[in-house]
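**Student:** Structure file upload_24.json (JSON, C-alpha atoms) is given on the next line.
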```json
[["chain", "number", "residue", "atom", "x", "y", "z"],
["T", 1, "MET", "CA", 58.18, 157.56, 44.88],
["T", 2, "ASP", "CA", 59.67, 160.52, 46.75],
["T", 3, "ARG", "CA", 57.90, 163.87, 47.18],
["T", 4, "LEU", "CA", 59.79, 165.64, 44.34],
["T", 5, "ASP", "CA", 58.98, 162.89, 41.84],
["T", 6, "HIS", "CA", 55.37, 162.97, 42.93],
["T", 7, "GLU", "CA", 55.17, 166.76, 42.41],
["T", 8, "LYS", "CA", 56.74, 166.52, 38.98],
["T", 9, "ARG", "CA", 54.32, 163.77, 38.01],
["T", 10, "GLN", "CA", 51.38, 165.84, 39.23],
["T", 11, "PHE", "CA", 52.55, 168.86, 37.26],
["T", 12, "ARG", "CA", 52.85, 166.84, 34.06],
["T", 13, "LEU", "CA", 49.39, 165.37, 34.61],
["T", 14, "ARG", "CA", 48.00, 168.90, 34.98],
["T", 15, "ILE", "CA", 49.59, 169.95, 31.68],
["T", 16, "VAL", "CA", 48.35, 166.84, 29.87],
["T", 17, "GLY", "CA", 44.88, 167.59, 31.19],
["T", 18, "ALA", "CA", 45.07, 171.20, 29.99],
["T", 19, "LEU", "CA", 46.15, 170.16, 26.51],
["T", 20, "ALA", "CA", 43.48, 167.49, 26.22],
["T", 21, "PHE", "CA", 40.79, 169.89, 27.39],
["T", 22, "ALA", "CA", 41.98, 172.63, 25.06],
["T", 23, "VAL", "CA", 41.92, 170.38, 22.00],
["T", 24, "ALA", "CA", 38.44, 169.18, 22.99],
["T", 25, "VAL", "CA", 37.05, 172.73, 22.72],
["T", 26, "GLY", "CA", 38.79, 173.65, 19.51],
["T", 27, "PHE", "CA", 42.38, 174.68, 20.33],
["T", 28, "ALA", "CA", 43.64, 172.45, 17.55],
["T", 29, "GLY", "CA", 45.97, 172.94, 14.59],
["T", 30, "SER", "CA", 48.99, 175.12, 15.16],
["T", 31, "VAL", "CA", 48.05, 175.73, 18.80],
["T", 32, "GLY", "CA", 47.99, 172.02, 19.52],
["T", 33, "LEU", "CA", 51.36, 171.58, 17.79],
["T", 34, "ARG", "CA", 52.97, 174.39, 19.81],
["T", 35, "ALA", "CA", 51.46, 173.08, 23.01],
["T", 36, "ARG", "CA", 52.72, 169.56, 22.37],
["T", 37, "THR", "CA", 56.16, 170.94, 21.60],
["T", 38, "PHE", "CA", 56.04, 172.83, 24.86],
["T", 39, "LEU", "CA", 55.11, 169.67, 26.78],
["T", 40, "ASN", "CA", 58.04, 167.78, 25.30],
["T", 41, "ASN", "CA", 60.36, 170.57, 26.42],
["T", 42, "VAL", "CA", 59.25, 170.72, 30.06],
["T", 43, "THR", "CA", 62.39, 170.08, 32.07],
["T", 44, "GLN", "CA", 62.53, 167.13, 34.41],
["T", 45, "ASN", "CA", 64.17, 168.82, 37.38],
["T", 46, "GLN", "CA", 61.54, 171.45, 38.20],
["T", 47, "GLY", "CA", 59.32, 170.80, 41.19],
["T", 48, "ALA", "CA", 55.79, 172.06, 41.69],
["T", 49, "THR", "CA", 55.20, 175.59, 42.90],
["T", 50, "PRO", "CA", 52.62, 176.30, 45.64],
["T", 51, "ILE", "CA", 49.50, 177.79, 44.05],
["T", 52, "ASP", "CA", 48.51, 181.34, 44.99],
["T", 53, "PHE", "CA", 44.84, 181.94, 44.23],
["T", 54, "SER", "CA", 44.74, 185.56, 45.41],
["T", 55, "LYS", "CA", 44.79, 186.70, 41.76],
["T", 56, "PHE", "CA", 45.84, 185.45, 38.35],
["T", 57, "ARG", "CA", 49.49, 186.02, 37.56],
["T", 58, "HIS", "CA", 51.13, 185.51, 34.20],
["T", 59, "ASP", "CA", 54.49, 185.35, 35.95],
["T", 60, "ASN", "CA", 53.46, 182.36, 38.07],
["T", 61, "ALA", "CA", 56.20, 179.73, 37.67],
["T", 62, "ASN", "CA", 53.76, 177.27, 36.07],
["T", 63, "HIS", "CA", 52.01, 179.80, 33.81],
["T", 64, "THR", "CA", 55.29, 181.04, 32.33],
["T", 65, "ARG", "CA", 55.84, 177.56, 30.90],
["T", 66, "LEU", "CA", 52.62, 177.66, 28.87],
["T", 67, "PRO", "CA", 52.41, 178.91, 25.27],
["T", 68, "CYS", "CA", 50.29, 182.08, 24.92],
["T", 69, "LEU", "CA", 47.92, 180.49, 22.41],
["T", 70, "LEU", "CA", 46.94, 177.78, 24.85],
["T", 71, "CYS", "CA", 44.83, 180.39, 26.67],
["T", 72, "HIS", "CA", 44.39, 183.24, 24.16],
["T", 73, "ARG", "CA", 42.83, 182.36, 20.82],
["T", 74, "ARG", "CA", 43.30, 184.77, 17.93],
["T", 75, "GLU", "CA", 40.32, 184.22, 15.63],
["T", 76, "THR", "CA", 39.77, 187.75, 14.33],
["T", 77, "ASN", "CA", 41.44, 191.15, 14.29],
["T", 78, "ALA", "CA", 39.23, 192.38, 17.12],
["T", 79, "ALA", "CA", 41.23, 194.56, 19.52],
["T", 80, "LYS", "CA", 40.13, 192.55, 22.57],
["T", 81, "PRO", "CA", 41.55, 189.02, 22.48],
["T", 82, "VAL", "CA", 39.40, 186.01, 23.37],
["T", 83, "MET", "CA", 39.86, 185.35, 27.07],
["T", 84, "PRO", "CA", 40.14, 181.86, 28.54],
["T", 85, "GLY", "CA", 37.37, 180.28, 30.60],
["T", 86, "GLY", "CA", 34.37, 180.93, 28.38],
["T", 87, "ALA", "CA", 34.01, 177.34, 27.19],
["T", 88, "ASN", "CA", 33.43, 175.38, 30.38],
["T", 89, "HIS", "CA", 36.41, 177.08, 32.02],
["T", 90, "ALA", "CA", 38.73, 175.77, 29.31],
["T", 91, "PRO", "CA", 41.65, 175.55, 29.32],
["T", 92, "CYS", "CA", 41.99, 176.54, 33.01],
["T", 93, "ALA", "CA", 40.12, 173.45, 34.20],
["T", 94, "GLY", "CA", 42.60, 171.23, 32.38],
["T", 95, "CYS", "CA", 45.30, 172.06, 34.95],
["T", 96, "HIS", "CA", 42.98, 172.98, 37.82],
["T", 97, "ALA", "CA", 40.42, 170.18, 37.55],
["T", 98, "GLN", "CA", 40.56, 169.51, 41.27],
["T", 99, "GLU", "CA", 39.92, 173.15, 42.18],
["T", 100, "PHE", "CA", 37.03, 173.54, 39.71],
["T", 101, "GLN", "CA", 35.20, 170.56, 41.23],
["T", 102, "ASN", "CA", 34.42, 172.75, 44.26],
["T", 103, "SER", "CA", 32.35, 175.92, 43.67],
["T", 104, "ASN", "CA", 33.71, 177.30, 46.94],
["T", 105, "SER", "CA", 37.29, 177.03, 45.74],
["T", 106, "PRO", "CA", 39.32, 180.24, 45.94],
["T", 107, "VAL", "CA", 40.19, 179.77, 42.26],
["T", 108, "CYS", "CA", 36.66, 180.96, 41.39],
["T", 109, "LEU", "CA", 37.21, 184.36, 42.99],
["T", 110, "ILE", "CA", 40.06, 185.17, 40.61],
["T", 111, "CYS", "CA", 37.49, 185.94, 37.89],
["T", 112, "HIS", "CA", 34.07, 185.97, 39.59],
["T", 113, "SER", "CA", 32.74, 188.56, 42.01],
["T", 114, "ASN", "CA", 29.77, 186.26, 42.67],
["T", 115, "VAL", "CA", 30.21, 182.55, 42.01],
["T", 116, "GLN", "CA", 26.51, 181.68, 42.30],
["T", 117, "SER", "CA", 25.34, 184.25, 39.74],
["T", 118, "GLY", "CA", 28.45, 183.92, 37.59],
["T", 119, "ALA", "CA", 29.11, 187.67, 37.72],
["T", 120, "LEU", "CA", 32.58, 188.49, 36.44],
["T", 121, "LYS", "CA", 35.03, 191.03, 37.77],
["T", 122, "SER", "CA", 36.22, 193.75, 35.43],
["T", 123, "PHE", "CA", 39.44, 192.79, 33.70],
["T", 124, "PRO", "CA", 42.42, 194.22, 35.60],
["T", 125, "ARG", "CA", 45.26, 196.22, 34.13],
["T", 126, "LEU", "CA", 48.15, 194.01, 33.07],
["T", 127, "ALA", "CA", 50.69, 195.15, 35.63],
["T", 128, "SER", "CA", 52.84, 192.04, 35.12],
["T", 129, "PHE", "CA", 53.37, 192.63, 31.39],
["T", 130, "GLY", "CA", 55.32, 195.14, 29.39],
["T", 131, "ALA", "CA", 55.37, 195.65, 25.65],
["T", 132, "ARG", "CA", 58.47, 195.31, 23.55],
["T", 133, "PHE", "CA", 58.59, 197.59, 20.51],
["T", 134, "ASP", "CA", 61.53, 198.24, 18.21],
["T", 135, "HIS", "CA", 61.13, 201.60, 16.45],
["T", 136, "ALA", "CA", 64.09, 201.03, 14.12],
["T", 137, "ARG", "CA", 62.81, 197.66, 12.92],
["T", 138, "HIS", "CA", 59.37, 199.06, 12.16],
["T", 139, "VAL", "CA", 60.67, 202.17, 10.38],
["T", 140, "ASN", "CA", 63.11, 200.10, 8.30],
["T", 141, "THR", "CA", 60.33, 197.88, 6.94],
["T", 142, "GLY", "CA", 59.04, 200.87, 4.99],
["T", 143, "ARG", "CA", 55.47, 199.92, 5.96],
["T", 144, "ALA", "CA", 55.21, 202.18, 9.01],
["T", 145, "SER", "CA", 55.87, 205.82, 9.77],
["T", 146, "CYS", "CA", 55.51, 207.86, 12.94],
["T", 147, "ALA", "CA", 51.95, 208.79, 11.95],
["T", 148, "THR", "CA", 50.97, 205.12, 11.70],
["T", 149, "CYS", "CA", 50.97, 204.79, 15.47],
["T", 150, "HIS", "CA", 51.04, 208.34, 16.83],
["T", 151, "LYS", "CA", 48.01, 210.58, 16.39],
["T", 152, "PRO", "CA", 47.31, 214.14, 17.59],
["T", 153, "ALA", "CA", 46.35, 214.21, 21.28],
["T", 154, "ARG", "CA", 45.34, 216.90, 23.75],
["T", 155, "GLY", "CA", 44.08, 219.14, 20.98],
["T", 156, "GLY", "CA", 47.21, 218.65, 18.90],
["T", 157, "VAL", "CA", 49.61, 219.67, 21.66],
["T", 158, "ALA", "CA", 50.88, 216.12, 22.14],
["T", 159, "GLN", "CA", 51.05, 212.91, 20.18],
["T", 160, "SER", "CA", 49.26, 209.79, 21.37],
["T", 161, "ILE", "CA", 51.16, 206.70, 22.48],
["T", 162, "PRO", "CA", 49.37, 203.38, 21.81],
["T", 163, "ASP", "CA", 48.48, 201.78, 25.13],
["T", 164, "GLY", "CA", 46.02, 199.28, 26.54],
["T", 165, "VAL", "CA", 43.88, 196.80, 24.62],
["T", 166, "ASN", "CA", 42.90, 199.38, 21.99],
["T", 167, "ALA", "CA", 46.53, 199.57, 20.87],
["T", 168, "HIS", "CA", 45.88, 196.24, 19.14],
["T", 169, "THR", "CA", 43.73, 198.09, 16.60],
["T", 170, "ILE", "CA", 46.87, 199.79, 15.29],
["T", 171, "CYS", "CA", 49.18, 196.81, 15.65],
["T", 172, "TYR", "CA", 46.78, 194.38, 13.96],
["T", 173, "SER", "CA", 46.83, 196.43, 10.76],
["T", 174, "CYS", "CA", 50.14, 194.66, 10.08],
["T", 175, "HIS", "CA", 50.19, 191.89, 12.69],
["T", 176, "THR", "CA", 47.21, 190.09, 11.18],
["T", 177, "GLN", "CA", 46.32, 186.48, 11.92],
["T", 178, "ARG", "CA", 49.15, 184.12, 11.01],
["T", 179, "ALA", "CA", 51.22, 187.06, 9.69],
["T", 180, "GLU", "CA", 54.91, 186.35, 9.12],
["T", 181, "SER", "CA", 58.03, 188.43, 8.72],
["T", 182, "ASN", "CA", 61.24, 186.84, 7.46],
["T", 183, "GLY", "CA", 59.73, 183.43, 8.15],
["T", 184, "ARG", "CA", 58.84, 184.31, 11.76],
["T", 185, "ASP", "CA", 55.29, 184.31, 13.11],
["T", 186, "ILE", "CA", 54.48, 187.89, 14.19],
["T", 187, "SER", "CA", 50.83, 187.31, 15.13],
["T", 188, "THR", "CA", 51.22, 185.77, 18.58],
["T", 189, "CYS", "CA", 51.13, 187.55, 21.96],
["T", 190, "GLY", "CA", 54.81, 186.88, 22.61],
["T", 191, "THR", "CA", 55.83, 188.93, 19.57],
["T", 192, "CYS", "CA", 55.29, 192.13, 21.57],
["T", 193, "HIS", "CA", 54.51, 191.17, 25.15],
["T", 194, "GLN", "CA", 56.99, 190.02, 27.74],
["T", 195, "LEU", "CA", 56.94, 189.54, 31.48],
["T", 196, "GLY", "CA", 58.14, 192.53, 33.44],
["T", 197, "GLY", "CA", 57.12, 196.05, 34.35],
["T", 198, "ARG", "CA", 55.15, 198.27, 32.06],
["T", 199, "GLY", "CA", 57.27, 200.60, 29.97],
["T", 200, "PHE", "CA", 54.72, 202.80, 28.27],
["T", 201, "GLY", "CA", 55.14, 206.52, 28.09],
["T", 202, "VAL", "CA", 52.39, 209.08, 28.39],
["T", 203, "PRO", "CA", 51.46, 211.91, 26.02],
["T", 204, "SER", "CA", 52.72, 214.57, 28.40],
["T", 205, "ALA", "CA", 56.06, 216.20, 28.90],
["T", 206, "THR", "CA", 57.68, 219.23, 30.50],
["T", 207, "ALA", "CA", 57.72, 221.00, 27.13],
["T", 208, "PHE", "CA", 53.92, 221.02, 26.93],
["T", 209, "ARG", "CA", 53.71, 223.08, 30.14],
["T", 210, "VAL", "CA", 55.46, 226.00, 28.44],
["T", 211, "GLY", "CA", 53.27, 226.06, 25.36],
["T", 212, "PHE", "CA", 54.86, 223.57, 22.97],
["T", 213, "SER", "CA", 52.44, 222.17, 20.41],
["T", 214, "HIS", "CA", 53.10, 219.46, 17.85],
["T", 215, "ALA", "CA", 50.17, 220.73, 15.79],
["T", 216, "LYS", "CA", 51.54, 224.28, 15.54],
["T", 217, "HIS", "CA", 55.01, 223.10, 14.57],
["T", 218, "ASP", "CA", 53.56, 220.78, 11.97],
["T", 219, "ARG", "CA", 51.06, 223.28, 10.58],
["T", 220, "ASP", "CA", 52.97, 226.55, 10.85],
["T", 221, "GLU", "CA", 56.58, 225.47, 10.56],
["T", 222, "LYS", "CA", 56.04, 222.41, 8.33],
["T", 223, "LEU", "CA", 58.36, 220.33, 10.50],
["T", 224, "SER", "CA", 58.52, 216.56, 10.19],
["T", 225, "CYS", "CA", 58.93, 214.19, 13.15],
["T", 226, "ALA", "CA", 62.49, 213.37, 12.08],
["T", 227, "GLU", "CA", 63.62, 216.98, 12.46],
["T", 228, "CYS", "CA", 63.26, 216.75, 16.25],
["T", 229, "HIS", "CA", 63.14, 213.00, 16.99],
["T", 230, "ARG", "CA", 65.70, 210.48, 15.84],
["T", 231, "VAL", "CA", 65.44, 206.70, 16.05],
["T", 232, "GLN", "CA", 68.37, 205.37, 18.03],
["T", 233, "SER", "CA", 69.54, 202.25, 19.84],
["T", 234, "GLY", "CA", 69.29, 201.79, 23.58],
["T", 235, "ARG", "CA", 66.53, 201.92, 26.15],
["T", 236, "ARG", "CA", 65.18, 205.26, 24.87],
["T", 237, "GLN", "CA", 64.62, 204.29, 21.26],
["T", 238, "VAL", "CA", 63.57, 207.74, 20.07],
["T", 239, "SER", "CA", 65.47, 210.87, 21.02],
["T", 240, "VAL", "CA", 63.65, 213.71, 22.76],
["T", 241, "PRO", "CA", 64.81, 217.34, 22.52],
["T", 242, "GLN", "CA", 65.74, 218.96, 25.81],
["T", 243, "PRO", "CA", 62.69, 221.11, 26.70],
["T", 244, "LEU", "CA", 64.80, 224.21, 27.37],
["T", 245, "ASN", "CA", 65.71, 227.26, 25.40],
["T", 246, "HIS", "CA", 67.48, 229.97, 27.44],
["T", 247, "HIS", "CA", 69.23, 227.47, 29.72],
["T", 248, "ALA", "CA", 69.73, 224.55, 27.35],
["T", 249, "THR", "CA", 72.82, 222.41, 27.70],
["T", 250, "PRO", "CA", 75.44, 223.36, 25.08],
["T", 251, "GLY", "CA", 75.76, 220.81, 22.29],
["T", 252, "VAL", "CA", 72.47, 219.07, 23.13],
["T", 253, "PHE", "CA", 69.55, 219.19, 20.73],
["T", 254, "SER", "CA", 66.95, 221.40, 22.40],
["T", 255, "CYS", "CA", 64.39, 224.11, 21.74],
["T", 256, "MET", "CA", 67.34, 226.48, 21.35],
["T", 257, "SER", "CA", 68.63, 224.46, 18.39],
["T", 258, "CYS", "CA", 65.91, 226.12, 16.31],
["T", 259, "HIS", "CA", 64.86, 229.03, 18.53],
["T", 260, "ASN", "CA", 68.28, 230.63, 18.26],
["T", 261, "GLY", "CA", 67.33, 234.05, 16.91],
["T", 262, "LYS", "CA", 68.16, 232.95, 13.35],
["T", 263, "ARG", "CA", 66.07, 229.98, 12.28],
["T", 264, "ALA", "CA", 63.27, 231.00, 14.64],
["T", 265, "PHE", "CA", 62.65, 233.67, 17.25],
["T", 266, "GLY", "CA", 64.78, 233.69, 20.36],
["T", 267, "GLY", "CA", 67.99, 235.27, 21.55],
["T", 268, "ASP", "CA", 67.44, 238.56, 23.39],
["T", 269, "ASP", "CA", 64.10, 239.39, 21.75],
["T", 270, "PHE", "CA", 61.84, 239.08, 24.78],
["T", 271, "SER", "CA", 58.80, 240.49, 22.97],
["T", 272, "VAL", "CA", 58.02, 237.02, 21.69],
["T", 273, "CYS", "CA", 58.22, 235.17, 25.04],
["T", 274, "LYS", "CA", 54.48, 234.70, 25.13],
["T", 275, "ARG", "CA", 54.54, 232.50, 22.06],
["T", 276, "CYS", "CA", 55.69, 229.72, 24.39],
["T", 277, "HIS", "CA", 55.07, 231.00, 27.89],
["T", 278, "THR", "CA", 51.31, 231.43, 28.06],
["T", 279, "GLY", "CA", 48.75, 231.53, 30.84],
["T", 280, "SER", "CA", 49.34, 231.43, 34.59],
["T", 281, "SER", "CA", 50.41, 227.79, 34.86],
["T", 282, "TRP", "CA", 53.77, 227.84, 33.05],
["T", 283, "ARG", "CA", 56.88, 227.62, 35.19],
["T", 284, "PHE", "CA", 60.58, 226.83, 34.94]]
```
Please express the file's structure as structure tokens.

**Tutor:**
Amino acid sequence: MDRLDHEKRQFRLRIVGALAFAVAVGFAGSVGLRARTFLNNVTQNQGATPIDFSKFRHDNANHTRLPCLLCHRRETNAAKPVMPGGANHAPCAGCHAQEFQNSNSPVCLICHSNVQSGALKSFPRLASFGARFDHARHVNTGRASCATCHKPARGGVAQSIPDGVNAHTICYSCHTQRAESNGRDISTCGTCHQLGGRGFGVPSATAFRVGFSHAKHDRDEKLSCAECHRVQSGRRQVSVPQPLNHHATPGVFSCMSCHNGKRAFGGDDFSVCKRCHTGSSWRF
């Protein structure tokens, strides 16, 4: 048996071990079916990849071949998913049985700050994962509106953007356990998460530095989200007005589209400048 065949055989043995171990601690049912399907689809021409134990990586060549539910069980609608390893290091030990036989193995330091006491490290930010979200699809279902996900932030100046583990609290209101949409399972990790850089925005923008407030526009002007933001295709799924008034680009939706001296104050009436330009921190 040549080296490549040996590596492929070792990789398949690791996967078989992981599946057997997972089923032994309760990863049965649909998880077992998906995992077995995955095993049958492992290609025959992929050699083993050297293992890097410096930290856990979802984008490791071997980890990317595993179904999400092999490691992450979804038993409730709790925002924090069940992490692997709690049941005798399952299912990690199924693939890494050799490493777990030695308490001095570098694999232990991925999760433990102290192997002897069992102390765990704090869970790191998921830098290797982004979230995929289609605004148009969600709006078209009729079950979600802007206010479903975006809440007042920074005293009403901004709108929150769901981020981190707590974002699951919002998502799980529709993406419940075993939830389906058009015959497709929408409850699994892969529904929203994909390998790649993080693409989240933050509830801050240039407009907020010159006194813009969502709360004031909603309360005083009775404006809806759709009057300033439009769902569109492309990388930026929701349009953002240009945060300029006096120097706005012609033909582009901006502050000046409303603050034009007719619909709202503006034009050459400089007595109202301080409605937007307040304090000592504003700048062009």

**Student:** Would you list the contacts of Cys146 of chain T as a list in words, taking every protein, DNA or RNA residue within 10 Å and counting all atoms listed in the file, but skipping same-chain residues closer than 2 positions in sequence?

**Tutor:**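 So, after excluding close chain neighbours, the residues are His135, His138, Val139, Ala144, Thr148, Cys149, His150, Lys151, Gln159, Ser224, Cys225 and Ala226 of chain T.
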
**Student:** Show which residues sit within 12 Å of Ala79 of chain T, as a list in words. Count only C-alpha atoms, and ignore same-chain residues fewer than 6 positions away.

**Tutor:**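 Residues meeting the cut-off are Asp163, Gly164, Val165, Asn166, Ala167, His168, Thr169, Ile170, Cys171, Tyr172, Ser173, His175 and Thr176 of chain T.
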
**Student:** Quick check, in Å to one decimal: how far apart do atom CA of Arg275 of chain T and atom CA of Pro250 of chain T lie?

**Tutor:**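 Answer for the atom CA of Arg275 of chain T to atom CA of Pro250 of chain T separation: 23.0 Å.
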
**Student:** Distance cut-off 8 Å, centre (57.5, 186.8, 29.5) in file coordinates, counting all atoms listed in the file: which residues qualify? Return them as a list in words.

**Tutor:** Asp59, Thr64, Phe129, Gly190, His193, Gln194, Leu195 and Gly196 of chain T

**Student:** Please compute the atom CA of His112 of chain T-atom CA of Leu66 of chain T distance, one decimal, in Å.

**Tutor:** 23.0 Å

**Student:** Just want the 8 Å neighbourhood of Ser187 of chain T, counted on all atoms listed in the file, with same-chain residues fewer than 3 positions away dropped. Output as a list in words.

**Tutor:** His175, Thr176, Gln177, Arg178, Ala179, Glu180 and Thr191 of chain T

**Student:** Mind giving me the straight-line distance from atom CA of Val252 of chain T to atom CA of Val238 of chain T in Å, one decimal?

**Tutor:**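 Value for the atom CA of Val252 of chain T-atom CA of Val238 of chain T distance: 14.7 Å.
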
**Student:** Return the single residue from T:Asp218, T:Ile186, T:Gly261, T:Arg132 that is closest to Gln237 of chain T, with distances computed using all atoms listed in the file.

**Tutor:**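 For Gln237 of chain T, the nearest of the given residues is T:Arg132.
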
**Student:** When you count only C-alpha atoms, which of these residues is closest to Arg137 of chain T: T:Ser105, T:Ser233, T:Ser54, T:Ser113?

**Tutor:**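 Comparing T:Ser105, T:Ser233, T:Ser54, T:Ser113 against Arg137 of chain T, the winner is T:Ser233.
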